[in-house]
Structure formats: structure tokens, C-alpha cells
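model.pdb (PDB, C-alpha atoms)
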```
ATOM      1  CA  MET S 246      49.478  70.263  72.743  1.00  0.00           C
ATOM      2  CA  ALA S 247      51.258  70.756  69.429  1.00  0.00           C
ATOM      3  CA  GLU S 248      52.649  73.999  68.082  1.00  0.00           C
ATOM      4  CA  PHE S 249      50.469  75.643  65.420  1.00  0.00           C
ATOM      5  CA  PHE S 250      51.517  74.689  61.880  1.00  0.00           C
ATOM      6  CA  SER S 251      53.954  72.038  63.085  1.00  0.00           C
ATOM      7  CA  LYS S 252      54.222  68.463  61.849  1.00  0.00           C
ATOM      8  CA  GLN S 253      52.527  67.210  65.035  1.00  0.00           C
ATOM      9  CA  TRP S 254      49.684  69.714  64.654  1.00  0.00           C
ATOM     10  CA  ALA S 255      49.090  68.522  61.082  1.00  0.00           C
ATOM     11  CA  GLU S 256      48.944  64.930  62.358  1.00  0.00           C
ATOM     12  CA  ASP S 257      46.441  66.002  65.034  1.00  0.00           C
ATOM     13  CA  VAL S 258      44.391  67.752  62.336  1.00  0.00           C
ATOM     14  CA  ARG S 259      44.411  64.574  60.258  1.00  0.00           C
ATOM     15  CA  GLU S 260      43.062  62.582  63.208  1.00  0.00           C
ATOM     16  CA  ALA S 261      40.358  65.171  63.880  1.00  0.00           C
ATOM     17  CA  LEU S 262      39.260  65.316  60.247  1.00  0.00           C
ATOM     18  CA  GLN S 263      39.263  61.550  59.946  1.00  0.00           C
ATOM     19  CA  ALA S 264      37.147  61.207  63.109  1.00  0.00           C
ATOM     20  CA  GLY S 265      34.683  63.837  61.900  1.00  0.00           C
ATOM     21  CA  PRO S 266      32.390  66.024  63.948  1.00  0.00           C
ATOM     22  CA  SER S 267      31.528  64.776  67.433  1.00  0.00           C
ATOM     23  CA  GLU S 268      28.012  63.760  68.435  1.00  0.00           C
ATOM     24  CA  GLU S 269      27.832  66.990  70.437  1.00  0.00           C
ATOM     25  CA  VAL S 270      28.581  69.062  67.318  1.00  0.00           C
ATOM     26  CA  ARG S 271      26.199  66.965  65.223  1.00  0.00           C
ATOM     27  CA  GLY S 272      23.462  67.651  67.757  1.00  0.00           C
ATOM     28  CA  ASN S 273      23.527  71.334  66.807  1.00  0.00           C
ATOM     29  CA  ALA S 274      22.027  70.829  63.327  1.00  0.00           C
ATOM     30  CA  LEU S 275      19.269  68.832  61.670  1.00  0.00           C
ATOM     31  CA  PRO S 276      19.987  65.210  60.755  1.00  0.00           C
ATOM     32  CA  GLU S 277      19.457  66.126  57.077  1.00  0.00           C
ATOM     33  CA  TYR S 278      22.363  68.567  57.275  1.00  0.00           C
ATOM     34  CA  TRP S 279      24.674  65.812  58.530  1.00  0.00           C
ATOM     35  CA  ALA S 280      23.326  63.357  55.978  1.00  0.00           C
ATOM     36  CA  PHE S 281      24.372  65.847  53.275  1.00  0.00           C
ATOM     37  CA  PHE S 282      27.760  66.346  54.959  1.00  0.00           C
ATOM     38  CA  ASP S 283      28.302  62.573  55.087  1.00  0.00           C
ATOM     39  CA  LEU S 284      27.283  62.181  51.436  1.00  0.00           C
ATOM     40  CA  ILE S 285      29.715  64.867  50.272  1.00  0.00           C
ATOM     41  CA  ARG S 286      32.482  63.429  52.435  1.00  0.00           C
ATOM     42  CA  SER S 287      31.957  59.968  50.959  1.00  0.00           C
ATOM     43  CA  ILE S 288      32.393  61.202  47.374  1.00  0.00           C
ATOM     44  CA  TYR S 289      34.746  64.157  47.843  1.00  0.00           C
ATOM     45  CA  GLU S 290      37.926  63.950  45.783  1.00  0.00           C
ATOM     46  CA  GLY S 291      40.156  66.942  46.138  1.00  0.00           C
ATOM     47  CA  SER S 292      42.770  68.755  48.126  1.00  0.00           C
ATOM     48  CA  TRP S 293      43.102  71.972  50.043  1.00  0.00           C
ATOM     49  CA  ALA S 294      46.171  74.048  50.729  1.00  0.00           C
ATOM     50  CA  LEU S 295      45.145  76.206  53.682  1.00  0.00           C
ATOM     51  CA  GLY S 296      47.682  78.967  54.070  1.00  0.00           C
ATOM     52  CA  VAL S 297      48.932  81.468  56.561  1.00  0.00           C
ATOM     53  CA  ARG S 298      49.936  84.530  54.545  1.00  0.00           C
ATOM     54  CA  ASP S 299      51.934  86.279  57.249  1.00  0.00           C
ATOM     55  CA  LEU S 300      53.523  83.506  59.282  1.00  0.00           C
ATOM     56  CA  PRO S 301      55.814  85.226  61.809  1.00  0.00           C
ATOM     57  CA  LYS S 302      59.529  85.027  61.073  1.00  0.00           C
ATOM     58  CA  GLU S 303      60.004  83.030  64.294  1.00  0.00           C
ATOM     59  CA  MET S 304      57.880  80.327  62.632  1.00  0.00           C
ATOM     60  CA  GLY S 305      59.573  80.452  59.249  1.00  0.00           C
ATOM     61  CA  GLY S 306      58.339  83.792  57.955  1.00  0.00           C
ATOM     62  CA  ALA S 307      57.326  82.636  54.483  1.00  0.00           C
ATOM     63  CA  PRO S 308      53.793  81.519  53.693  1.00  0.00           C
ATOM     64  CA  ALA S 309      53.077  77.968  54.810  1.00  0.00           C
ATOM     65  CA  TYR S 310      50.151  75.702  54.067  1.00  0.00           C
ATOM     66  CA  LEU S 311      48.248  72.898  55.710  1.00  0.00           C
ATOM     67  CA  TYR S 312      47.791  70.471  52.844  1.00  0.00           C
ATOM     68  CA  VAL S 313      44.765  68.163  53.141  1.00  0.00           C
ATOM     69  CA  GLN S 314      43.971  65.495  50.528  1.00  0.00           C
ATOM     70  CA  TRP S 315      40.583  63.723  50.487  1.00  0.00           C
ATOM     71  CA  SER S 316      39.646  60.518  48.698  1.00  0.00           C
ATOM     72  CA  GLY S 317      36.885  57.988  49.278  1.00  0.00           C
ATOM     73  CA  GLY S 318      35.708  59.635  52.471  1.00  0.00           C
ATOM     74  CA  ASN S 319      39.160  59.611  54.029  1.00  0.00           C
ATOM     75  CA  VAL S 320      41.996  62.029  54.642  1.00  0.00           C
ATOM     76  CA  THR S 321      44.755  60.457  52.565  1.00  0.00           C
ATOM     77  CA  ASP S 322      47.367  63.138  53.253  1.00  0.00           C
ATOM     78  CA  CYS S 323      47.680  65.929  55.794  1.00  0.00           C
ATOM     79  CA  ARG S 324      50.935  67.800  56.231  1.00  0.00           C
ATOM     80  CA  ILE S 325      52.553  71.201  56.356  1.00  0.00           C
ATOM     81  CA  ILE S 326      54.097  72.434  53.131  1.00  0.00           C
ATOM     82  CA  GLY S 327      56.383  75.424  52.890  1.00  0.00           C
ATOM     83  CA  PRO S 328      57.491  77.882  50.252  1.00  0.00           C
ATOM     84  CA  ASP S 329      59.995  75.452  48.733  1.00  0.00           C
ATOM     85  CA  ASP S 330      57.385  72.704  48.244  1.00  0.00           C
ATOM     86  CA  PRO S 331      55.194  72.578  45.144  1.00  0.00           C
ATOM     87  CA  LEU S 332      51.818  74.170  45.785  1.00  0.00           C
ATOM     88  CA  GLU S 333      49.546  71.776  43.948  1.00  0.00           C
ATOM     89  CA  ALA S 334      46.045  71.566  45.373  1.00  0.00           C
ATOM     90  CA  THR S 335      42.515  71.610  44.036  1.00  0.00           C
ATOM     91  CA  TYR S 336      41.909  74.724  46.131  1.00  0.00           C
ATOM     92  CA  VAL S 337      44.366  77.148  47.683  1.00  0.00           C
ATOM     93  CA  LEU S 338      42.998  79.281  50.483  1.00  0.00           C
ATOM     94  CA  GLY S 339      44.704  81.793  52.720  1.00  0.00           C
ATOM     95  CA  GLY S 340      44.199  83.730  55.891  1.00  0.00           C
ATOM     96  CA  SER S 341      46.202  85.885  58.247  1.00  0.00           C
ATOM     97  CA  PHE S 342      48.070  84.531  61.255  1.00  0.00           C
ATOM     98  CA  ALA S 343      45.722  86.542  63.507  1.00  0.00           C
ATOM     99  CA  ASP S 344      42.599  85.048  61.909  1.00  0.00           C
ATOM    100  CA  TRP S 345      43.983  81.513  62.151  1.00  0.00           C
ATOM    101  CA  LYS S 346      44.742  82.096  65.826  1.00  0.00           C
ATOM    102  CA  LYS S 347      41.179  83.299  66.414  1.00  0.00           C
ATOM    103  CA  LEU S 348      39.804  80.183  64.703  1.00  0.00           C
ATOM    104  CA  VAL S 349      41.921  77.879  66.871  1.00  0.00           C
ATOM    105  CA  GLU S 350      40.841  79.838  69.944  1.00  0.00           C
ATOM    106  CA  GLY S 351      37.171  79.222  69.151  1.00  0.00           C
ATOM    107  CA  TYR S 352      36.036  81.748  66.549  1.00  0.00           C
ATOM    108  CA  ASP S 353      33.159  80.339  64.505  1.00  0.00           C
ATOM    109  CA  ALA S 354      34.244  78.588  61.281  1.00  0.00           C
ATOM    110  CA  LYS S 355      31.099  79.658  59.441  1.00  0.00           C
ATOM    111  CA  ARG S 356      31.822  83.304  60.259  1.00  0.00           C
ATOM    112  CA  THR S 357      35.462  82.792  59.302  1.00  0.00           C
ATOM    113  CA  VAL S 358      34.293  81.923  55.787  1.00  0.00           C
ATOM    114  CA  MET S 359      31.349  84.319  55.650  1.00  0.00           C
ATOM    115  CA  TYR S 360      33.401  87.320  56.761  1.00  0.00           C
ATOM    116  CA  ARG S 361      36.194  86.382  54.365  1.00  0.00           C
ATOM    117  CA  LYS S 362      38.839  85.690  57.001  1.00  0.00           C
ATOM    118  CA  ILE S 363      40.005  82.749  54.897  1.00  0.00           C
ATOM    119  CA  LEU S 364      39.755  83.384  51.159  1.00  0.00           C
ATOM    120  CA  ILE S 365      39.939  81.097  48.177  1.00  0.00           C
ATOM    121  CA  GLU S 366      42.950  82.135  46.109  1.00  0.00           C
ATOM    122  CA  GLU S 367      43.099  79.372  43.501  1.00  0.00           C
ATOM    123  CA  GLY S 368      40.597  76.858  42.206  1.00  0.00           C
ATOM    124  CA  ASP S 369      37.154  76.802  40.642  1.00  0.00           C
ATOM    125  CA  ILE S 370      35.132  78.930  43.045  1.00  0.00           C
ATOM    126  CA  LEU S 371      31.753  77.683  41.785  1.00  0.00           C
ATOM    127  CA  GLU S 372      32.762  74.056  42.306  1.00  0.00           C
ATOM    128  CA  PHE S 373      34.194  74.925  45.713  1.00  0.00           C
ATOM    129  CA  PHE S 374      30.932  76.449  46.895  1.00  0.00           C
ATOM    130  CA  LYS S 375      28.969  73.356  45.889  1.00  0.00           C
ATOM    131  CA  THR S 376      30.644  71.684  48.862  1.00  0.00           C
ATOM    132  CA  ILE S 377      30.887  74.693  51.164  1.00  0.00           C
ATOM    133  CA  TYR S 378      29.084  73.036  54.086  1.00  0.00           C
ATOM    134  CA  PHE S 379      31.540  70.153  53.989  1.00  0.00           C
ATOM    135  CA  PHE S 380      34.466  72.583  53.906  1.00  0.00           C
ATOM    136  CA  VAL S 381      33.108  74.739  56.748  1.00  0.00           C
ATOM    137  CA  GLU S 382      32.543  71.751  59.009  1.00  0.00           C
ATOM    138  CA  CYS S 383      36.060  70.523  58.256  1.00  0.00           C
ATOM    139  CA  LEU S 384      37.431  73.994  58.990  1.00  0.00           C
ATOM    140  CA  ASP S 385      35.544  73.842  62.279  1.00  0.00           C
ATOM    141  CA  GLN S 386      37.243  70.501  63.029  1.00  0.00           C
ATOM    142  CA  ILE S 387      40.621  72.046  62.222  1.00  0.00           C
ATOM    143  CA  GLY S 388      39.845  74.965  64.537  1.00  0.00           C
ATOM    144  CA  ARG S 389      39.030  72.555  67.375  1.00  0.00           C
ATOM    145  CA  VAL S 390      42.529  71.068  67.289  1.00  0.00           C
ATOM    146  CA  ASP S 391      44.391  72.542  70.233  1.00  0.00           C
ATOM    147  CA  ALA S 392      47.602  74.351  69.396  1.00  0.00           C
ATOM    148  CA  THR S 393      50.149  76.551  71.061  1.00  0.00           C
ATOM    149  CA  PHE S 394      51.315  79.747  69.438  1.00  0.00           C
ATOM    150  CA  PRO S 395      55.016  80.363  70.037  1.00  0.00           C
ATOM    151  CA  VAL S 396      54.766  84.055  69.182  1.00  0.00           C
ATOM    152  CA  ALA S 397      52.264  86.826  69.785  1.00  0.00           C
ATOM    153  CA  VAL S 398      49.976  87.949  67.009  1.00  0.00           C
ATOM    154  CA  PRO S 399      51.701  90.778  65.120  1.00  0.00           C
ATOM    155  CA  ALA S 400      50.143  94.185  65.736  1.00  0.00           C
TER     156      ALA S 400
END
```
Same coordinates, now as C-alpha cells:
Amino acid sequence: MAEFFSKQWAEDVREALQAGPSEEVRGNALPEYWAFFDLIRSIYEGSWALGVRDLPKEMGGAPAYLYVQWSGGNVTDCRIIGPDDPLEATYVLGGSFADWKKLVEGYDAKRTVMYRKILIEEGDILEFFKTIYFFVECLDQIGRVDATFPVAVPA
């Protein structure tokens, strides 16, 4: 199991996103929902920088981002970028270390978005929400990637 926000974790996330939702997950919604998801995935061109605002100092301290690039239905790039790297993404989103940990431990991705645990910080919000179901299902895939947390959640 990879450490959260490590290079290996980002590679595991890439594999999970590329594979897409499992048949078990797909069985929890109508086929039309997944047909829409698959359509959006096939035409989606954009990138996300998914940040941790308060990464503990033991993990670098400064904000870090999981950068995910999509093109032609595929994840073309997935890596961790830090404060010294250029932050160039179609959408920049951020959440707290505690909320990321909850997501990885099984908290519902839809609720994570609905209850504003991960917020859009940069990008055209109206365009973003046109593909919100695609994003939420991808966030769910990210949350399903096992990770270890080398430090406790700050109080």
C-alpha cells in the first residue's frame, strides 16, 4: 500500500482511473447514468489539480496537488506536484488533509463534493459542473485507492 500523496500513490490512482469504476460500482446506478459517464469520459479534455491545503510538515508541509490530465478517454498524466511546480490545470480544487483522509477511508465522494469538503478554487465553475457526475465518479475511484497516512490528522 502506497503512502498518501506519494509518487507510487499517484501511479496507483492513474491505474484506478484508467480502469474506471468496477462492475460492482456500476451496478449501483442505472445503465443510463453509466452511459452518460462513458460519453463524458470519451470526450473529456482537461486537467485537475486536486490539492491538500494543509499537508502536514512531515509530508512536506506546503500545499501539494494530485495532477490528473485527461484526453481521448484516457489518463495521459497523473503525478504529484508541489509548491515549486507550475500549477497549470483546467481546474484547481482543494481540500483539507482530514477530508482527504476520510475520502480514502471510505467517505462518500458525492457527499465530499456536496458538502464542500473539496472546493473548486480555479477554473470555469459552470463548465466544471457540466461534467460533475464524471468528476464525482473519478473522485470516488481516487478515494478507493488504498493509502497509508504517515502522520495523524492534525487536531
Expand the PyMOL selection byres ((chain S and resi 334) around 12) into the individual residues it matches in the shown file, reporting them as a short mmCIF file (atom, residue, chain, number, x, y, z; two decimals) with C-alpha atoms, in the frame of the given file.
```
data_model
loop_
_atom_site.label_atom_id
_atom_site.label_comp_id
_atom_site.auth_asym_id
_atom_site.auth_seq_id
_atom_site.Cartn_x
_atom_site.Cartn_y
_atom_site.Cartn_z
CA GLU S 290 37.93 63.95 45.78
CA GLY S 291 40.16 66.94 46.14
CA SER S 292 42.77 68.76 48.13
CA TRP S 293 43.10 71.97 50.04
CA ALA S 294 46.17 74.05 50.73
CA LEU S 295 45.14 76.21 53.68
CA GLY S 296 47.68 78.97 54.07
CA TYR S 310 50.15 75.70 54.07
CA LEU S 311 48.25 72.90 55.71
CA TYR S 312 47.79 70.47 52.84
CA VAL S 313 44.76 68.16 53.14
CA GLN S 314 43.97 65.50 50.53
CA TRP S 315 40.58 63.72 50.49
CA ASP S 322 47.37 63.14 53.25
CA CYS S 323 47.68 65.93 55.79
CA ILE S 326 54.10 72.43 53.13
CA ASP S 330 57.38 72.70 48.24
CA PRO S 331 55.19 72.58 45.14
CA LEU S 332 51.82 74.17 45.78
CA GLU S 333 49.55 71.78 43.95
CA THR S 335 42.52 71.61 44.04
CA TYR S 336 41.91 74.72 46.13
CA VAL S 337 44.37 77.15 47.68
CA LEU S 338 43.00 79.28 50.48
CA ILE S 365 39.94 81.10 48.18
CA GLU S 366 42.95 82.14 46.11
CA GLU S 367 43.10 79.37 43.50
CA GLY S 368 40.60 76.86 42.21
CA ASP S 369 37.15 76.80 40.64
#
```
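Taking all atoms listed in the file into account, Ile325 in chain S lies nearest to S:Ala309 out of the set S:Trp279, S:Lys375, S:Arg259, S:Ala309.
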Restricting the calculation to all atoms listed in the file: of S:Arg389, S:Arg286, S:Lys346, S:Arg361, which residue gets closest to Val258 in chain S?
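Smallest distance to Val258 in chain S is found for S:Arg389.
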For a quick check of understanding, using only C-alpha atoms, which of S:Phe342, S:Ile377, S:Tyr278, S:Phe250 has the smallest distance to Val358 in chain S?
S:Ile377
Hey, can you check how far CA of Thr321 in chain S sits from CA of Asn273 in chain S?
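A separation of 27.8 Å between them.
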List as a VMD selection string: which residues have an atom within 7 Å of (52.7, 83.7, 56.7), counting all atoms listed in the file?
chain S and resid 297 to 301 306 to 309 342
Start from the incomplete input, build N, CA and C atoms for range 305-328 of chain S, and deliver everything as a PDB file, in the coordinates of the input.
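Saved as out_19.pdb:
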```pdb
ATOM      1  N   GLY S 305      59.169  80.698  60.627  1.00  0.00           N
ATOM      2  CA  GLY S 305      59.573  80.452  59.249  1.00  0.00           C
ATOM      3  C   GLY S 305      59.423  81.658  58.353  1.00  0.00           C
ATOM      4  N   GLY S 306      58.488  82.546  58.674  1.00  0.00           N
ATOM      5  CA  GLY S 306      58.339  83.792  57.955  1.00  0.00           C
ATOM      6  C   GLY S 306      57.618  83.713  56.619  1.00  0.00           C
ATOM      7  N   ALA S 307      57.949  82.749  55.803  1.00  0.00           N
ATOM      8  CA  ALA S 307      57.326  82.636  54.483  1.00  0.00           C
ATOM      9  C   ALA S 307      55.952  81.991  54.618  1.00  0.00           C
ATOM     10  N   PRO S 308      55.092  82.192  53.638  1.00  0.00           N
ATOM     11  CA  PRO S 308      53.793  81.519  53.693  1.00  0.00           C
ATOM     12  C   PRO S 308      53.963  80.005  53.829  1.00  0.00           C
ATOM     13  N   ALA S 309      53.099  79.414  54.626  1.00  0.00           N
ATOM     14  CA  ALA S 309      53.077  77.968  54.810  1.00  0.00           C
ATOM     15  C   ALA S 309      51.632  77.508  54.650  1.00  0.00           C
ATOM     16  N   TYR S 310      51.479  76.228  54.348  1.00  0.00           N
ATOM     17  CA  TYR S 310      50.151  75.702  54.067  1.00  0.00           C
ATOM     18  C   TYR S 310      49.933  74.386  54.789  1.00  0.00           C
ATOM     19  N   LEU S 311      48.705  74.197  55.255  1.00  0.00           N
ATOM     20  CA  LEU S 311      48.248  72.898  55.710  1.00  0.00           C
ATOM     21  C   LEU S 311      47.634  72.236  54.488  1.00  0.00           C
ATOM     22  N   TYR S 312      48.268  71.173  54.029  1.00  0.00           N
ATOM     23  CA  TYR S 312      47.791  70.471  52.844  1.00  0.00           C
ATOM     24  C   TYR S 312      46.928  69.300  53.303  1.00  0.00           C
ATOM     25  N   VAL S 313      45.698  69.237  52.792  1.00  0.00           N
ATOM     26  CA  VAL S 313      44.765  68.163  53.141  1.00  0.00           C
ATOM     27  C   VAL S 313      44.246  67.543  51.849  1.00  0.00           C
ATOM     28  N   GLN S 314      44.438  66.243  51.705  1.00  0.00           N
ATOM     29  CA  GLN S 314      43.971  65.495  50.528  1.00  0.00           C
ATOM     30  C   GLN S 314      42.846  64.561  50.963  1.00  0.00           C
ATOM     31  N   TRP S 315      41.739  64.580  50.219  1.00  0.00           N
ATOM     32  CA  TRP S 315      40.583  63.723  50.487  1.00  0.00           C
ATOM     33  C   TRP S 315      40.386  62.732  49.351  1.00  0.00           C
ATOM     34  N   SER S 316      40.006  61.514  49.699  1.00  0.00           N
ATOM     35  CA  SER S 316      39.646  60.518  48.698  1.00  0.00           C
ATOM     36  C   SER S 316      38.828  59.422  49.373  1.00  0.00           C
ATOM     37  N   GLY S 317      37.697  59.081  48.769  1.00  0.00           N
ATOM     38  CA  GLY S 317      36.885  57.988  49.278  1.00  0.00           C
ATOM     39  C   GLY S 317      36.420  58.162  50.706  1.00  0.00           C
ATOM     40  N   GLY S 318      36.177  59.380  51.115  1.00  0.00           N
ATOM     41  CA  GLY S 318      35.708  59.635  52.471  1.00  0.00           C
ATOM     42  C   GLY S 318      36.792  59.697  53.522  1.00  0.00           C
ATOM     43  N   ASN S 319      38.039  59.626  53.099  1.00  0.00           N
ATOM     44  CA  ASN S 319      39.160  59.611  54.029  1.00  0.00           C
ATOM     45  C   ASN S 319      40.167  60.716  53.739  1.00  0.00           C
ATOM     46  N   VAL S 320      40.864  61.114  54.787  1.00  0.00           N
ATOM     47  CA  VAL S 320      41.996  62.029  54.642  1.00  0.00           C
ATOM     48  C   VAL S 320      43.178  61.152  54.259  1.00  0.00           C
ATOM     49  N   THR S 321      43.652  61.298  53.034  1.00  0.00           N
ATOM     50  CA  THR S 321      44.755  60.457  52.565  1.00  0.00           C
ATOM     51  C   THR S 321      46.120  61.116  52.740  1.00  0.00           C
ATOM     52  N   ASP S 322      46.117  62.423  53.005  1.00  0.00           N
ATOM     53  CA  ASP S 322      47.367  63.138  53.253  1.00  0.00           C
ATOM     54  C   ASP S 322      47.028  64.396  54.036  1.00  0.00           C
ATOM     55  N   CYS S 323      47.855  64.706  55.007  1.00  0.00           N
ATOM     56  CA  CYS S 323      47.680  65.929  55.794  1.00  0.00           C
ATOM     57  C   CYS S 323      49.045  66.292  56.340  1.00  0.00           C
ATOM     58  N   ARG S 324      49.582  67.412  55.851  1.00  0.00           N
ATOM     59  CA  ARG S 324      50.935  67.800  56.231  1.00  0.00           C
ATOM     60  C   ARG S 324      51.118  69.292  56.005  1.00  0.00           C
ATOM     61  N   ILE S 325      52.198  69.799  56.564  1.00  0.00           N
ATOM     62  CA  ILE S 325      52.553  71.201  56.356  1.00  0.00           C
ATOM     63  C   ILE S 325      53.490  71.277  55.158  1.00  0.00           C
ATOM     64  N   ILE S 326      53.193  72.196  54.252  1.00  0.00           N
ATOM     65  CA  ILE S 326      54.097  72.434  53.131  1.00  0.00           C
ATOM     66  C   ILE S 326      54.564  73.887  53.201  1.00  0.00           C
ATOM     67  N   GLY S 327      55.786  74.095  52.810  1.00  0.00           N
ATOM     68  CA  GLY S 327      56.383  75.424  52.890  1.00  0.00           C
ATOM     69  C   GLY S 327      56.611  76.031  51.526  1.00  0.00           C
ATOM     70  N   PRO S 328      57.298  77.142  51.500  1.00  0.00           N
ATOM     71  CA  PRO S 328      57.491  77.882  50.252  1.00  0.00           C
ATOM     72  C   PRO S 328      58.344  77.138  49.231  1.00  0.00           C
TER      73      PRO S 328
END
```
